[in-house]
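Here's start-v5.cif, which has mmCIF, C-alpha atoms:
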```cif
data_structure
#
loop_
_atom_site.group_PDB
_atom_site.id
_atom_site.type_symbol
_atom_site.label_atom_id
_atom_site.label_comp_id
_atom_site.auth_asym_id
_atom_site.auth_seq_id
_atom_site.Cartn_x
_atom_site.Cartn_y
_atom_site.Cartn_z
ATOM 1 C CA MET A 1 43.873 117.925 66.120
ATOM 2 C CA LEU A 2 44.230 118.001 62.340
ATOM 3 C CA ARG A 3 44.888 121.723 62.487
ATOM 4 C CA ALA A 4 47.747 121.231 65.042
ATOM 5 C CA VAL A 5 49.397 118.671 62.769
ATOM 6 C CA ASN A 6 49.093 120.972 59.791
ATOM 7 C CA GLN A 7 50.512 123.837 61.785
ATOM 8 C CA GLY A 8 53.417 121.626 62.880
ATOM 9 C CA VAL A 9 54.144 120.671 59.267
ATOM 10 C CA GLY A 10 53.881 124.295 58.210
ATOM 11 C CA MET A 11 56.330 125.269 60.918
ATOM 12 C CA LYS A 12 58.734 122.626 59.696
ATOM 13 C CA ASN A 13 58.487 124.009 56.195
ATOM 14 C CA THR A 14 59.250 127.553 57.334
ATOM 15 C CA VAL A 15 62.263 126.359 59.352
ATOM 16 C CA GLU A 16 63.569 124.406 56.359
ATOM 17 C CA ASN A 17 62.930 127.265 53.963
ATOM 18 C CA SER A 18 64.865 129.832 55.919
ATOM 19 C CA GLY A 19 68.414 128.390 55.967
ATOM 20 C CA CYS A 20 69.601 130.745 58.740
ATOM 21 C CA ASP A 21 67.154 129.381 61.269
ATOM 22 C CA VAL A 22 68.341 125.808 60.728
ATOM 23 C CA LYS A 23 71.984 126.744 61.136
ATOM 24 C CA ASP A 24 71.227 128.813 64.221
ATOM 25 C CA THR A 25 69.280 125.900 65.678
ATOM 26 C CA GLN A 26 72.122 123.465 64.920
ATOM 27 C CA VAL A 27 74.733 125.802 66.439
ATOM 28 C CA ALA A 28 72.600 126.247 69.540
ATOM 29 C CA LEU A 29 72.109 122.498 69.781
ATOM 30 C CA VAL A 30 75.847 121.775 69.391
ATOM 31 C CA THR A 31 76.696 124.449 71.968
ATOM 32 C CA GLU A 32 74.180 122.997 74.380
ATOM 33 C CA MET A 33 75.520 119.473 73.844
ATOM 34 C CA THR A 34 79.106 120.659 74.351
ATOM 35 C CA SER A 35 78.321 122.339 77.649
ATOM 36 C CA SER A 36 76.366 119.261 78.676
ATOM 37 C CA LEU A 37 79.375 117.056 77.860
ATOM 38 C CA LYS A 38 81.646 119.351 79.859
ATOM 39 C CA ILE A 39 79.373 119.005 82.877
ATOM 40 C CA TRP A 40 79.222 115.211 82.535
ATOM 41 C CA GLY A 41 82.981 115.035 82.014
ATOM 42 C CA THR A 42 83.584 117.078 85.153
ATOM 43 C CA LEU A 43 81.173 114.938 87.153
ATOM 44 C CA LEU A 44 82.828 111.736 85.942
ATOM 45 C CA ALA A 45 86.273 113.107 86.809
ATOM 46 C CA LEU A 46 85.108 113.995 90.328
ATOM 47 C CA LEU A 47 83.495 110.575 90.734
ATOM 48 C CA TYR A 48 86.741 108.917 89.640
ATOM 49 C CA ILE A 49 88.739 110.945 92.179
ATOM 50 C CA LEU A 50 86.303 110.043 94.963
ATOM 51 C CA CYS A 51 86.513 106.356 94.080
ATOM 52 C CA ARG A 52 90.316 106.483 94.135
ATOM 53 C CA LEU A 53 90.219 108.158 97.541
ATOM 54 C CA CYS A 54 87.883 105.472 98.878
ATOM 55 C CA ILE A 55 90.087 102.701 97.558
ATOM 56 C CA TYR A 56 93.375 104.122 98.807
ATOM 57 C CA SER A 57 92.168 105.744 102.034
ATOM 58 C CA LYS A 58 92.575 102.428 103.839
ATOM 59 C CA ASP A 59 96.285 102.590 103.121
ATOM 60 C CA VAL A 60 96.719 105.966 104.825
ATOM 61 C CA TYR A 61 96.465 104.692 108.415
ATOM 62 C CA TRP A 62 98.390 101.521 107.611
ATOM 63 C CA ARG A 63 101.229 103.481 105.990
ATOM 64 C CA GLU A 64 101.342 105.919 108.883
ATOM 65 C CA PHE A 65 101.427 103.047 111.367
ATOM 66 C CA ILE A 66 104.279 101.351 109.486
ATOM 67 C CA LYS A 67 106.176 104.629 109.171
ATOM 68 C CA LEU A 68 106.008 105.244 112.922
ATOM 69 C CA HIS A 69 106.304 101.746 114.438
ATOM 70 C CA TYR A 70 107.979 99.390 111.976
ATOM 71 C CA LEU A 71 111.629 98.323 112.094
ATOM 72 C CA SER A 72 112.765 96.436 109.033
ATOM 73 C CA PRO A 73 114.543 93.086 109.458
ATOM 74 C CA SER A 74 116.968 94.177 106.725
ATOM 75 C CA ARG A 75 119.156 95.384 109.637
ATOM 76 C CA GLU A 76 120.019 93.569 112.839
ATOM 77 C CA PHE A 77 117.664 94.302 115.737
ATOM 78 C CA LYS A 78 120.562 95.398 117.965
ATOM 79 C CA GLU A 79 121.597 98.040 115.398
ATOM 80 C CA TYR A 80 118.453 100.110 116.022
ATOM 81 C CA LYS A 81 118.966 102.815 118.661
ATOM 82 C CA CYS A 82 116.188 104.843 120.257
ATOM 83 C CA ASP A 83 118.042 108.166 120.220
ATOM 84 C CA VAL A 84 118.618 107.881 116.469
ATOM 85 C CA LEU A 85 115.113 106.602 115.632
ATOM 86 C CA MET A 86 113.345 109.259 117.684
ATOM 87 C CA ARG A 87 115.464 111.999 116.117
ATOM 88 C CA GLU A 88 115.083 110.720 112.529
ATOM 89 C CA LYS A 89 111.314 110.386 112.533
ATOM 90 C CA GLU A 90 109.811 113.870 112.426
ATOM 91 C CA ALA A 91 106.469 112.858 113.951
ATOM 92 C CA LEU A 92 108.205 111.410 117.034
ATOM 93 C CA LYS A 93 110.299 114.434 117.991
ATOM 94 C CA GLY A 94 109.566 115.476 121.552
ATOM 95 C CA LYS A 95 107.597 112.313 122.336
ATOM 96 C CA ARG A 96 108.356 110.793 125.773
ATOM 97 C CA SER A 97 107.881 107.150 124.854
ATOM 98 C CA HIS A 98 107.323 105.065 121.773
ATOM 99 C CA ILE A 99 107.134 101.428 120.702
ATOM 100 C CA PHE A 100 108.809 99.959 117.629
ATOM 101 C CA ILE A 101 108.116 96.510 116.211
ATOM 102 C CA TYR A 102 110.811 94.426 114.559
ATOM 103 C CA SER A 103 109.107 91.986 112.227
ATOM 104 C CA LEU A 104 108.242 91.278 108.636
ATOM 105 C CA TRP A 105 105.560 93.813 107.662
ATOM 106 C CA PHE A 106 103.128 91.168 106.389
ATOM 107 C CA LYS A 107 103.057 89.490 109.823
ATOM 108 C CA ILE A 108 101.705 92.738 111.241
ATOM 109 C CA GLN A 109 99.298 93.269 108.349
ATOM 110 C CA ARG A 110 97.871 89.724 108.624
ATOM 111 C CA THR A 111 96.856 90.392 112.235
ATOM 112 C CA CYS A 112 93.604 91.988 111.083
ATOM 113 C CA ILE A 113 92.645 89.088 108.796
ATOM 114 C CA ASN A 114 90.331 86.491 110.336
ATOM 115 C CA GLU A 115 91.201 82.794 110.744
ATOM 116 C CA LYS A 116 89.503 81.807 107.488
ATOM 117 C CA GLY A 117 91.444 84.457 105.597
ATOM 118 C CA SER A 118 88.296 85.661 103.904
ATOM 119 C CA ASP A 119 87.550 88.845 105.820
ATOM 120 C CA ARG A 120 89.166 91.522 107.972
ATOM 121 C CA TYR A 121 88.487 92.467 111.553
ATOM 122 C CA ARG A 122 87.114 96.005 111.623
ATOM 123 C CA ASN A 123 87.258 98.325 114.618
ATOM 124 C CA ALA A 124 88.444 95.477 116.828
ATOM 125 C CA TYR A 125 91.308 94.674 119.197
ATOM 126 C CA VAL A 126 93.308 91.634 118.108
ATOM 127 C CA TRP A 127 96.346 89.950 119.642
ATOM 128 C CA ALA A 128 99.087 89.066 117.172
ATOM 129 C CA PRO A 129 99.313 85.273 116.783
ATOM 130 C CA GLY A 130 102.920 85.073 117.969
ATOM 131 C CA ALA A 131 105.484 87.013 119.942
ATOM 132 C CA LEU A 132 107.307 89.806 118.142
ATOM 133 C CA LYS A 133 110.507 91.672 118.909
ATOM 134 C CA VAL A 134 109.771 95.041 120.471
ATOM 135 C CA LEU A 135 111.963 98.062 121.094
ATOM 136 C CA GLU A 136 110.519 100.453 123.671
ATOM 137 C CA CYS A 137 111.976 103.924 123.988
ATOM 138 C CA HIS A 138 111.456 106.040 127.134
ATOM 139 C CA TRP A 139 112.797 109.577 127.603
ATOM 140 C CA GLU A 140 115.083 110.049 130.598
ATOM 141 C CA LYS A 141 114.697 113.645 131.627
ATOM 142 C CA TYR A 142 117.885 113.888 133.679
ATOM 143 C CA ASN A 143 120.174 112.099 131.230
ATOM 144 C CA LYS A 144 118.536 113.798 128.250
ATOM 145 C CA ARG A 145 118.442 110.622 126.182
ATOM 146 C CA TYR A 146 116.169 107.668 125.512
ATOM 147 C CA ARG A 147 116.364 104.499 127.584
ATOM 148 C CA GLU A 148 115.877 101.340 125.546
ATOM 149 C CA SER A 149 114.187 98.116 126.514
ATOM 150 C CA ARG A 150 114.084 95.213 124.103
ATOM 151 C CA SER A 151 111.860 92.206 124.466
ATOM 152 C CA PHE A 152 109.851 89.427 122.902
ATOM 153 C CA SER A 153 106.248 90.459 123.511
ATOM 154 C CA TYR A 154 102.737 89.605 122.563
ATOM 155 C CA ILE A 155 101.126 92.667 121.034
ATOM 156 C CA GLU A 156 97.487 93.646 120.922
ATOM 157 C CA PHE A 157 96.729 95.729 117.847
ATOM 158 C CA HIS A 158 93.731 97.841 116.984
ATOM 159 C CA CYS A 159 92.267 97.054 113.572
ATOM 160 C CA GLY A 160 90.649 100.201 112.188
ATOM 161 C CA ILE A 161 87.329 100.516 110.403
ATOM 162 C CA ASP A 162 89.160 99.852 107.134
ATOM 163 C CA GLY A 163 90.448 96.480 108.423
ATOM 164 C CA TYR A 164 94.109 97.439 108.752
ATOM 165 C CA VAL A 165 96.299 97.839 111.845
ATOM 166 C CA ASP A 166 96.300 101.450 112.980
ATOM 167 C CA ASN A 167 97.528 101.339 116.586
ATOM 168 C CA ILE A 168 99.229 99.320 119.310
ATOM 169 C CA GLU A 169 96.932 98.835 122.282
ATOM 170 C CA ASP A 170 98.752 96.568 124.712
ATOM 171 C CA LEU A 171 101.940 94.569 125.264
ATOM 172 C CA LYS A 172 102.624 91.431 127.275
ATOM 173 C CA MET A 173 106.337 90.891 127.644
ATOM 174 C CA ILE A 174 107.464 87.272 127.457
ATOM 175 C CA GLU A 175 111.195 87.761 127.964
ATOM 176 C CA PRO A 176 113.672 90.613 127.758
ATOM 177 C CA ILE A 177 116.341 90.658 125.076
ATOM 178 C CA ASN A 178 119.823 91.624 126.227
ATOM 179 C CA ASN A 179 122.288 93.199 123.862
#
```

Mind converting the file's structure to structure tokens?
Amino acid sequence: MLRAVNQGVGMKNTVENSGCDVKDTQVALVTEMTSSLKIWGTLLALLYILCRLCIYSKDVYWREFIKLHYLSPSREFKEYKCDVLMREKEALKGKRSHIFIYSLWFKIQRTCINEKGSDRYRNAYVWAPGALKVLECHWEKYNKRYRESRSFSYIEFHCGIDGYVDNIEDLKMIEPINN
């Protein structure tokens, strides 16, 4: 044991005495640390990106739903026309029927929040608490245009796994709205 300690001390003396070896060791150590930092930096950057995706992925389905089904109350309900809406929205071109909802966006978003307001319904079907204005568009093959039907309806939404509305499941018409 004593001999190993002495040999270790002797080795230290030879490393200290030859200045080149110390510099080479320091350069190697710095290079190794730099590459190690690069790896950790890359891993942290990837982790950050994944976290951002997890946080904002819930908004993807909600935004898509709003983009396809939402009619803003900033215009009068009667001003919205199916032919124009179905032509303007790229994802709806060629679709035979579609449902639009005329409401404040937060009324739709709150549908997936439970009564206590503390949690969201996930992967569940939920009826909106009140009737909403609905514009239904149906393609008329022979007239080559969309037929409109407007109504006050109860709407059953699907709340996705993320707890946000992602689809319309069912409608119960209360009364038609005439222009």

Kindly indicate which residue among A:Ala91, A:Glu169, A:Ser97, A:Asn143 lies nearest to Ile155 (chain A), using only C-alpha atoms for the distances.
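Among the listed residues, the smallest separation from Ile155 (chain A) belongs to A:Glu169.
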
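Rounded to one decimal, CA of Val134 (chain A) and CA of Tyr102 (chain A) lie 6.0 Å from each other.
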
Ranking A:Asp24, A:Asp83, A:Glu175, A:Glu64 by minimum distance to Tyr146 (chain A) and counting all atoms listed in the file, which one comes first?
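Ranking A:Asp24, A:Asp83, A:Glu175, A:Glu64 by distance to Tyr146 (chain A), first place goes to A:Asp83.
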
What is the distance between CA of Ile99 (chain A) and CA of Glu148 (chain A), in Å to one decimal?
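Taking CA of Ile99 (chain A) and CA of Glu148 (chain A), their separation equals 10.0 Å.
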
Expressed in Å to a single decimal, how great is the separation between CA of Gly117 (chain A) and CA of Trp62 (chain A)?
18.5 Å
